[in-house]
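One structure is given below, encoded as structure tokens.
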Amino acid sequence: MSGIAIRAEGLTKDYRTGFWRRRVRVLHDLSLEVQAGEVFGFLGPNGAGKTTTLKLLTGLIHPTSGSAVVLGKPAGSVGVKARIGFLPENPSFYDYLTGAEFLDYCGALAGLPRTVRRERVRALLERVGLSGQGALQLRKYSKGMLQRIGLAQALINEPEVIFLDEPMSGLDPIGRKEVRDLILRLREQGRTIFFSTHIIPDVEVVCDRVGIILAGRLAAVGRVEELLGSPLEQIEVTASNLPPEAAAALAARGVAPPVRSGDRILVTVKGEEDLGQVLRAILQAGGRVHSVVPHRRTLEEVFLARVREGSR
Amino acid sequence: MRTAAIAFNTFREAIRDRILYSLLVFALAMIGGSLILSMLSVGGEVKIIKDLGLAAIGLVGILIAVFIGVGLVHKEIERRTLYTIITKPIRRSDFILGKFLGLALTLAVNVAIMGAGLLLLASAMEARLAWELLLPVALTFVKLMVVTAIAVLFSTFSTPTLSAIFTLALVVVGSLAEDLKLFAVTFGGPLLQGVVEAVYLILPNLASLDVGGAVAHGRPVPAAVAGLAAAYGLTYMVALLAVAVWVFQYRDFK
Amino acid sequence: MTTRFPTACLCVLLVAGAAAAGLLRGLEGFRPTLAAGPEPPWLPPAGAVRPLFLGYNALAADLFWIRTVQYFGGTRQTDRRYPHLYRLVDLTTSLDPHFVDAYQLGGLFLSLGRAYPEAIAIYRKGIEHNPDRWELPYDLGRMYFLDLGDIPLALEWFERANALPGHGHYVPRLVARLRARAGLIEAALEMWERMLETTDNEWVRETARKEIEKLRKQLRTG
């Protein structure tokens with residue numbers, strides 16, 4: 001598969017809220033492209049507009065202006081919906097149906113004939129680890145189980161493009177790993193995946209490219225390493241048992257104000273070289289190294305960095 | 001067909017709802033109660049059973065139509081179960097029509113059960129098959145379809161509480177349509193009459209679908225009247241559904 | 001605590017329940033219940049009330065009819081006039097003008113209460129709204145005959161009943177007899193002769209022959 005799977009151009013969305021029906025803009029002129037076969041992570045804090053973007057791309061809401069095109073057709077058209085899958089955030093389904101009944105219903109809506117449905121429901125239940133719970137009513141499902149059945153229904157029609165809104169939310173670490181593995185497997189099959197999250201570690205492992213959204217605007221798009229930087233950018237070193245001059249010298253080396261707590265001092269250094277020198281200095285002064293922790297950049301730091309770069 | 005799948009699923013949801021059974025039992029109790037009530041009377045015993053029985057079917061039917069109908073769409077939006085359904089390759093119109101048909105099917109089953117109960121009772125009282133009751137039951141069903149369409153329409157854009165209030169208000173006004181018109185003719189000038197006439201044509205005239213009174217007296221209902229009434233009800237229902245489909249098409253699901 | 005709580009609730013329940021029952025009894029002493037007393041004083045005019053029933057007028061008529069029956073039956077023991085009977089019957093029949101049983105029995109109840117003008121009004125209202133029903137002119141005729149002793153008027157109404165389809169098999173004989181009583185001998189004869197020709201019933205033919213002979217004798221003697 002090649003070509004552009006998802007294209008958003010100038011997507012803008014306004015809502016009218018409040019008693020006076022004031023217009024509130026929740027998405028400003030968002031444009032991005034996702035290649036076929038890519039795993040695209042959509043990062044942003046809560047309320048940034050991730051879900052709004054996903055809903056625009058899946059046809060659940062209509063843009064105030066701009067366009068969204070998926071697999072060459074307008075987002076939300078029936079033809080496109082046959083080739084996509086969608087998992088909403090904190091999904092809930094018809095709780096009076098059993099897991100298998102629900103998947104079968106989704107399959108029927110996707111236009112699958114009965115024999116195909118039966119087999120696929122069985123296979124999907126197995127794939128998401130719910131083979132034993134197919135006959136259980138959805139109202140009895142735990143949050144993690146609901147997330148899995150949600151993934152299953154998103155895949156019922158073997159979609160080419162899959163949209164996932166916070167797919168890891170509510171899962172324990174094992175569950176999160178399973179979802180990550182599933183995404184990777186789907187990529188191997190050549191499918192395109194667009195998923196949103198507010199947790200960076202989820203993104204780092206699976207995504208080819210990342211888009212960062214803040215307050216309704218696309219702040220940055222690019223490959224993971226480009227955006228989030230190497231973990232070795234900032235390293236926090238905690239040491240103790242240092243004579244005062246050594247400590248002061250150490251603090252001067254740091255790229256951020258030191259933090260003292262009793263006997264200990266925490267210094268933030270940048271780069272491998274500095275790290276080596278600092279560690280040697282501590283040991284030579286007779287101090288003790290307690291911990292060396294690489295500091296991950298937060299989204300805000302990335303954003304601010306971008307802004308700084310832009311204004312330079 | 002996808003609409004059929006949605007309809008069947010809606011039906012399945014309705015029959016798994018306990019409220020439905022309570023209402024059905026209530027209706028059957030009312031029909032049975034009419035027997036007791038008829039014992040309090042001298043004269044008109046069978047009439048009482050037929051009148052009360054048909055009223056019970058109509059009343060319970062309206063309750064089912066309204067209380068399930070107003071939540072049909074809104075519940076899905078609020079519980080966000082709609083998201084995974086709309087993103088499947090179906091048209092939005094398929095969804096609305098499927099929901100409506102599912103509720104219509106539910107009502108059909110309920111009306112059939114209640115109608116059978118009434119038919120049994122009336123036939124037992126008269127020692128003959130009271131098949132003339134089938135016509136008012138059928139027309140009541142058409143009336144219920146109109147009420148359901150009203151409820152579904154409101155459900156596409158309003159909360160269940162407001163939708164229920166508006167739908168019931170329309171049911172009341174629709175039942176009084178003839179009287180309103182009479183009122184305007186008796187008391188109003190030409191302007192009022194014109195306004196009332198226009199309003200009368202727009203509002204659902206539900207009274208036209210009530211032939212139970214005549215039937216309980218043993219008076220025959222002309223086929224033309226029954227046919228026209230049924231046709232009116234069905235065309236009105238189609239008009240309502242068209243509006244519902246239209247509204248739903250442009251709705252944002254936040 | 002765990003065993004004392006249900007006990008406390010039970011005590012409160014018993015005390016409150018007994019008190020409530022006692023209070024209700026006390027209330028009853030003040031207001032006679034409808035079964036004993038006759039007054040339904042709040043009957044509204046029929047025209048105003050029609051719309052309130054949302055199209056279920058016939059059912060409302062039924063319920064008012066039951067009220068009427070209970071009202072009549074309940075006060076019969078005291079053998080008073082029934083001051084509200086007419087209004088009840090009138091309201092019932094206004095709500096459902098085709099409720100023939102209500103006209104018939106309502107008229108009967110009124111006549112039993114010796115409220116003859118009201119009974120006549122009810123019967124005539126029924127006849128006006130249901131011109132095809134023979135029972136109503138028949139009942140009116142019977143009241144004129146048995147209660148009011150007015151032969152000419154009774155005969156007039158019986159004739160009208162006789163002209164309507166489905167009338168009881170006894171109506172023609174009644175008309176014939178009353179014609180004779182009213183002095184219309186030829187007319188009476190004519191009816192008996194027609195009956196003789198048309199009926200298959202041997203008892204009726206016997207009766208007809210006897211009456212014809214009697215009437216012819218009457219004619220001869222003048």
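Identifiers in the structure tokens: chain A, B, ... in order shown; residue index from 1 per chain; ligand index from 1 in order shown.
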
Inset, instruction - Kindly provide, as a ChimeraX atom specification, the residues of chain B having any atom no farther than 8 Å from an atom of chain C, counting only C-alpha atoms. - result: /B:40-44,47-48,51-52,55,172,175-176,179,207,210,213,217

Inset, instruction - Determine, counting only C-alpha atoms, which protein, DNA and RNA residues have an atom within 12 Å of an atom of range 261-267 of chain A; residues of the same chain fewer than 4 positions away are not included. Present the result as a ChimeraX atom specification. - result: /A:234-244,246-257,274-275,278-279,282,287-295

Legend entry - Near-Lys50 in chain A list (12 Å; only C-alpha atoms; drop same-chain fewer than 6 positions) as a PyMOL selection string: chain A and resi 26-27+30+41-44+56-57+88-89+163-166+194-198+211-218

N, CA and C atoms of the current selection, written as an mmCIF file, in the first residue's frame:
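What ended up in result-v2.cif:
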data_model
loop_
_atom_site.group_PDB
_atom_site.id
_atom_site.type_symbol
_atom_site.label_atom_id
_atom_site.label_comp_id
_atom_site.auth_asym_id
_atom_site.auth_seq_id
_atom_site.Cartn_x
_atom_site.Cartn_y
_atom_site.Cartn_z
ATOM 1 N N VAL A 26 -12.431 25.234 18.934
ATOM 2 C CA VAL A 26 -11.668 24.191 19.628
ATOM 3 C C VAL A 26 -10.566 23.626 18.754
ATOM 4 N N LEU A 27 -10.632 23.890 17.466
ATOM 5 C CA LEU A 27 -9.570 23.392 16.589
ATOM 6 C C LEU A 27 -9.236 24.499 15.591
ATOM 7 N N LEU A 30 -6.112 22.965 11.349
ATOM 8 C CA LEU A 30 -5.189 21.836 11.498
ATOM 9 C C LEU A 30 -4.962 21.145 10.163
ATOM 10 N N GLY A 41 1.262 8.819 15.912
ATOM 11 C CA GLY A 41 0.799 9.102 17.258
ATOM 12 C C GLY A 41 0.363 10.543 17.374
ATOM 13 N N PHE A 42 -0.742 10.773 18.018
ATOM 14 C CA PHE A 42 -1.274 12.120 18.153
ATOM 15 C C PHE A 42 -1.222 12.466 19.631
ATOM 16 N N LEU A 43 -0.243 13.309 19.976
ATOM 17 C CA LEU A 43 0.003 13.596 21.380
ATOM 18 C C LEU A 43 -0.594 14.923 21.796
ATOM 19 N N GLY A 44 -1.100 14.976 22.988
ATOM 20 C CA GLY A 44 -1.562 16.265 23.480
ATOM 21 C C GLY A 44 -2.156 16.096 24.859
ATOM 22 N N LEU A 56 -13.525 14.280 13.643
ATOM 23 C CA LEU A 56 -13.603 14.883 12.310
ATOM 24 C C LEU A 56 -13.115 13.900 11.259
ATOM 25 N N LEU A 57 -12.079 13.151 11.605
ATOM 26 C CA LEU A 57 -11.519 12.219 10.634
ATOM 27 C C LEU A 57 -12.409 10.999 10.426
ATOM 28 N N PRO A 88 -13.372 4.452 20.234
ATOM 29 C CA PRO A 88 -13.505 5.718 20.944
ATOM 30 C C PRO A 88 -12.854 5.646 22.325
ATOM 31 N N GLU A 89 -12.725 6.815 22.945
ATOM 32 C CA GLU A 89 -12.129 6.868 24.276
ATOM 33 C C GLU A 89 -13.125 6.375 25.308
ATOM 34 N N PHE A 163 -8.398 4.072 13.588
ATOM 35 C CA PHE A 163 -8.317 5.234 14.463
ATOM 36 C C PHE A 163 -8.536 4.779 15.901
ATOM 37 N N LEU A 164 -7.631 5.135 16.787
ATOM 38 C CA LEU A 164 -7.759 4.730 18.186
ATOM 39 C C LEU A 164 -7.649 5.965 19.072
ATOM 40 N N ASP A 165 -8.650 6.177 19.932
ATOM 41 C CA ASP A 165 -8.623 7.312 20.834
ATOM 42 C C ASP A 165 -8.243 6.810 22.223
ATOM 43 N N GLU A 166 -7.050 7.162 22.665
ATOM 44 C CA GLU A 166 -6.537 6.719 23.966
ATOM 45 C C GLU A 166 -6.698 5.206 24.143
ATOM 46 N N PHE A 194 -3.692 5.485 13.388
ATOM 47 C CA PHE A 194 -3.680 6.851 13.894
ATOM 48 C C PHE A 194 -4.218 6.765 15.308
ATOM 49 N N PHE A 195 -3.371 7.040 16.296
ATOM 50 C CA PHE A 195 -3.932 6.960 17.633
ATOM 51 C C PHE A 195 -3.521 8.146 18.494
ATOM 52 N N SER A 196 -4.381 8.467 19.414
ATOM 53 C CA SER A 196 -4.147 9.633 20.258
ATOM 54 C C SER A 196 -3.871 9.180 21.677
ATOM 55 N N THR A 197 -3.067 9.986 22.362
ATOM 56 C CA THR A 197 -2.760 9.666 23.750
ATOM 57 C C THR A 197 -2.200 10.904 24.429
ATOM 58 N N HIS A 198 -2.156 10.882 25.754
ATOM 59 C CA HIS A 198 -1.490 11.983 26.432
ATOM 60 C C HIS A 198 -0.273 11.489 27.216
ATOM 61 N N GLY A 211 2.456 13.668 16.023
ATOM 62 C CA GLY A 211 1.961 15.036 15.916
ATOM 63 C C GLY A 211 1.626 15.521 17.305
ATOM 64 N N ILE A 212 1.969 16.749 17.616
ATOM 65 C CA ILE A 212 1.697 17.285 18.946
ATOM 66 C C ILE A 212 0.660 18.382 18.824
ATOM 67 N N ILE A 213 -0.389 18.255 19.596
ATOM 68 C CA ILE A 213 -1.459 19.244 19.550
ATOM 69 C C ILE A 213 -1.583 19.899 20.909
ATOM 70 N N LEU A 214 -1.645 21.223 20.909
ATOM 71 C CA LEU A 214 -1.800 21.971 22.146
ATOM 72 C C LEU A 214 -2.837 23.047 21.925
ATOM 73 N N ALA A 215 -3.817 23.085 22.812
ATOM 74 C CA ALA A 215 -4.868 24.109 22.754
ATOM 75 C C ALA A 215 -5.446 24.258 21.349
ATOM 76 N N GLY A 216 -5.733 23.155 20.704
ATOM 77 C CA GLY A 216 -6.416 23.208 19.425
ATOM 78 C C GLY A 216 -5.507 23.503 18.241
ATOM 79 N N ARG A 217 -4.237 23.641 18.458
ATOM 80 C CA ARG A 217 -3.341 23.884 17.329
ATOM 81 C C ARG A 217 -2.297 22.783 17.233
ATOM 82 N N LEU A 218 -1.923 22.503 15.997
ATOM 83 C CA LEU A 218 -0.870 21.518 15.792
ATOM 84 C C LEU A 218 0.463 22.204 16.049
#

Legend entry - Interface list for chain A, partner chain B, 6 Å threshold, only C-alpha atoms, as a ChimeraX atom specification: /A:60-61,78,81-82,92-93,109-110

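Between Pro136 in chain B and the candidates B:Val46, B:Ile202, B:Val111, B:Ala124, the tightest atom-to-atom separation, counting only C-alpha atoms, involves B:Val111.
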
Inset, instruction - Write out as a VMD selection string all residues of chain C that DSSP puts in helix (DSSP H, G or I) for this structure's backbone. - result: chain C and resid 4 to 30 46 to 53 57 to 78 85 to 95 100 to 112 116 to 129 135 to 146 151 to 163 171 to 181 185 to 198 202 to 221

Inset, instruction - Write out as a VMD selection string each polymer residue whose atoms come within 9 Å of Asp132 in chain C, counting only C-alpha atoms; drop sequence neighbours fewer than 2 positions from it. - result: chain C and resid 127 129 to 130 134 164 to 165

Inset, instruction - Enumerate as a PyMOL selection string all residues of range 93-229 of chain A assigned to strand (DSSP E) by DSSP on the backbone, naming them with the chain letters and numbers the document uses. - result: chain A and resi 161-165+192-197+209-214+217-223

Inset, instruction - Name all residues at most 12 Å from Ala116 in chain B (count only C-alpha atoms; drop same-chain ones fewer than 2 positions away) and give them as number ranges by chain. - result: B: 27-28, 31, 53-54, 57, 108-114, 118-123, 129-131, 133-134, 137-138

Selection from above, N, CA and C atoms, as a PDB file, in the first residue's frame, can you write it?
ATOM      1  N   ALA B  27     -51.333  -3.306  31.179  1.00  0.00           N
ATOM      2  CA  ALA B  27     -52.400  -3.278  30.181  1.00  0.00           C
ATOM      3  C   ALA B  27     -53.315  -4.486  30.336  1.00  0.00           C
ATOM      4  N   LEU B  28     -52.710  -5.657  30.484  1.00  0.00           N
ATOM      5  CA  LEU B  28     -53.528  -6.859  30.624  1.00  0.00           C
ATOM      6  C   LEU B  28     -54.360  -6.792  31.908  1.00  0.00           C
ATOM      7  N   ILE B  31     -57.299  -4.637  31.171  1.00  0.00           N
ATOM      8  CA  ILE B  31     -58.300  -5.352  30.381  1.00  0.00           C
ATOM      9  C   ILE B  31     -59.077  -6.309  31.270  1.00  0.00           C
ATOM     10  N   GLY B  53     -60.901  -1.650  27.301  1.00  0.00           N
ATOM     11  CA  GLY B  53     -59.824  -2.442  26.726  1.00  0.00           C
ATOM     12  C   GLY B  53     -59.081  -1.692  25.633  1.00  0.00           C
ATOM     13  N   LEU B  54     -59.829  -1.063  24.732  1.00  0.00           N
ATOM     14  CA  LEU B  54     -59.171  -0.314  23.663  1.00  0.00           C
ATOM     15  C   LEU B  54     -58.415   0.884  24.230  1.00  0.00           C
ATOM     16  N   ILE B  57     -55.139  -0.363  25.640  1.00  0.00           N
ATOM     17  CA  ILE B  57     -54.149  -0.641  24.592  1.00  0.00           C
ATOM     18  C   ILE B  57     -53.557   0.675  24.080  1.00  0.00           C
ATOM     19  N   ALA B 108     -45.680  -3.561  17.751  1.00  0.00           N
ATOM     20  CA  ALA B 108     -46.569  -4.494  17.061  1.00  0.00           C
ATOM     21  C   ALA B 108     -46.791  -5.741  17.914  1.00  0.00           C
ATOM     22  N   VAL B 109     -45.693  -6.244  18.465  1.00  0.00           N
ATOM     23  CA  VAL B 109     -45.818  -7.445  19.294  1.00  0.00           C
ATOM     24  C   VAL B 109     -46.688  -7.166  20.522  1.00  0.00           C
ATOM     25  N   ASN B 110     -46.425  -6.031  21.166  1.00  0.00           N
ATOM     26  CA  ASN B 110     -47.211  -5.702  22.355  1.00  0.00           C
ATOM     27  C   ASN B 110     -48.683  -5.511  22.041  1.00  0.00           C
ATOM     28  N   VAL B 111     -48.959  -4.771  20.968  1.00  0.00           N
ATOM     29  CA  VAL B 111     -50.350  -4.519  20.602  1.00  0.00           C
ATOM     30  C   VAL B 111     -51.036  -5.840  20.249  1.00  0.00           C
ATOM     31  N   ALA B 112     -50.296  -6.722  19.585  1.00  0.00           N
ATOM     32  CA  ALA B 112     -50.879  -8.014  19.240  1.00  0.00           C
ATOM     33  C   ALA B 112     -51.253  -8.793  20.500  1.00  0.00           C
ATOM     34  N   ILE B 113     -50.369  -8.775  21.492  1.00  0.00           N
ATOM     35  CA  ILE B 113     -50.664  -9.508  22.723  1.00  0.00           C
ATOM     36  C   ILE B 113     -51.865  -8.892  23.442  1.00  0.00           C
ATOM     37  N   MET B 114     -51.835  -7.569  23.581  1.00  0.00           N
ATOM     38  CA  MET B 114     -52.944  -6.920  24.281  1.00  0.00           C
ATOM     39  C   MET B 114     -54.246  -7.083  23.506  1.00  0.00           C
ATOM     40  N   LEU B 118     -57.806  -8.761  24.714  1.00  0.00           N
ATOM     41  CA  LEU B 118     -59.105  -8.097  24.669  1.00  0.00           C
ATOM     42  C   LEU B 118     -60.093  -8.894  23.816  1.00  0.00           C
ATOM     43  N   LEU B 119     -59.586  -9.379  22.694  1.00  0.00           N
ATOM     44  CA  LEU B 119     -60.445 -10.146  21.796  1.00  0.00           C
ATOM     45  C   LEU B 119     -61.001 -11.372  22.502  1.00  0.00           C
ATOM     46  N   LEU B 120     -60.126 -12.041  23.252  1.00  0.00           N
ATOM     47  CA  LEU B 120     -60.563 -13.225  23.996  1.00  0.00           C
ATOM     48  C   LEU B 120     -61.659 -12.875  24.986  1.00  0.00           C
ATOM     49  N   LEU B 121     -61.428 -11.814  25.746  1.00  0.00           N
ATOM     50  CA  LEU B 121     -62.374 -11.443  26.786  1.00  0.00           C
ATOM     51  C   LEU B 121     -63.715 -11.042  26.189  1.00  0.00           C
ATOM     52  N   ALA B 122     -63.664 -10.148  25.173  1.00  0.00           N
ATOM     53  CA  ALA B 122     -64.913  -9.681  24.568  1.00  0.00           C
ATOM     54  C   ALA B 122     -65.657 -10.840  23.915  1.00  0.00           C
ATOM     55  N   SER B 123     -64.897 -11.704  23.250  1.00  0.00           N
ATOM     56  CA  SER B 123     -65.547 -12.842  22.591  1.00  0.00           C
ATOM     57  C   SER B 123     -66.193 -13.759  23.607  1.00  0.00           C
ATOM     58  N   LEU B 129     -67.084 -14.573  18.170  1.00  0.00           N
ATOM     59  CA  LEU B 129     -65.782 -13.978  17.910  1.00  0.00           C
ATOM     60  C   LEU B 129     -65.966 -12.496  17.613  1.00  0.00           C
ATOM     61  N   ALA B 130     -65.458 -11.632  18.487  1.00  0.00           N
ATOM     62  CA  ALA B 130     -65.663 -10.191  18.308  1.00  0.00           C
ATOM     63  C   ALA B 130     -64.626  -9.619  17.353  1.00  0.00           C
ATOM     64  N   TRP B 131     -64.635 -10.123  16.134  1.00  0.00           N
ATOM     65  CA  TRP B 131     -63.563  -9.760  15.209  1.00  0.00           C
ATOM     66  C   TRP B 131     -63.603  -8.298  14.790  1.00  0.00           C
ATOM     67  N   LEU B 133     -63.306  -5.951  16.593  1.00  0.00           N
ATOM     68  CA  LEU B 133     -62.314  -5.238  17.388  1.00  0.00           C
ATOM     69  C   LEU B 133     -60.979  -5.109  16.668  1.00  0.00           C
ATOM     70  N   LEU B 134     -60.749  -5.935  15.657  1.00  0.00           N
ATOM     71  CA  LEU B 134     -59.463  -5.900  14.971  1.00  0.00           C
ATOM     72  C   LEU B 134     -59.215  -4.558  14.304  1.00  0.00           C
ATOM     73  N   VAL B 137     -58.077  -1.864  16.810  1.00  0.00           N
ATOM     74  CA  VAL B 137     -56.730  -2.215  17.278  1.00  0.00           C
ATOM     75  C   VAL B 137     -55.705  -1.862  16.205  1.00  0.00           C
ATOM     76  N   ALA B 138     -56.034  -2.197  14.960  1.00  0.00           N
ATOM     77  CA  ALA B 138     -55.101  -1.885  13.868  1.00  0.00           C
ATOM     78  C   ALA B 138     -54.895  -0.379  13.741  1.00  0.00           C
TER      79      ALA B 138
END

Legend entry - Spatial neighbours of Pro204 in chain B, max dist 12 Å, only C-alpha atoms, sep filter under 3 positions, as number ranges by chain: B: 143-147, 149-150, 167-178, 198-201, 207-209, 229, 232-237, 239-240

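Here CA of Gly58 in chain B is placed at a distance of 19.4 Å from CA of Ser38 in chain B.
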
Legend entry - Spatial neighbours of range 216-219 of chain C, 8 Å, only C-alpha atoms, chain gap at least 4 places, as a PyMOL selection string: chain C and resi 185+189+212

Take the selection from the previous step and output its residues with C-alpha atoms, as a PDB file, in the first residue's frame.
ATOM      1  CA  ILE C 185    -111.438  -0.526  15.479  1.00  0.00           C
ATOM      2  CA  LEU C 189    -108.821  -5.187  12.591  1.00  0.00           C
ATOM      3  CA  ILE C 212    -110.751 -10.407  14.808  1.00  0.00           C
TER       4      ILE C 212
END

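Here CA of Arg128 in chain B is placed at a distance of 15.2 Å from CA of Glu45 in chain B.
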
Inset, instruction - Kindly indicate which residue among A:Lys55, A:Arg209, A:Arg148, A:Arg120 lies nearest to Leu182 in chain A, using only C-alpha atoms for the distances. - result: A:Arg148

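Here CA of Tyr103 in chain C and CA of Tyr138 in chain C stand 12.0 Å from one another.
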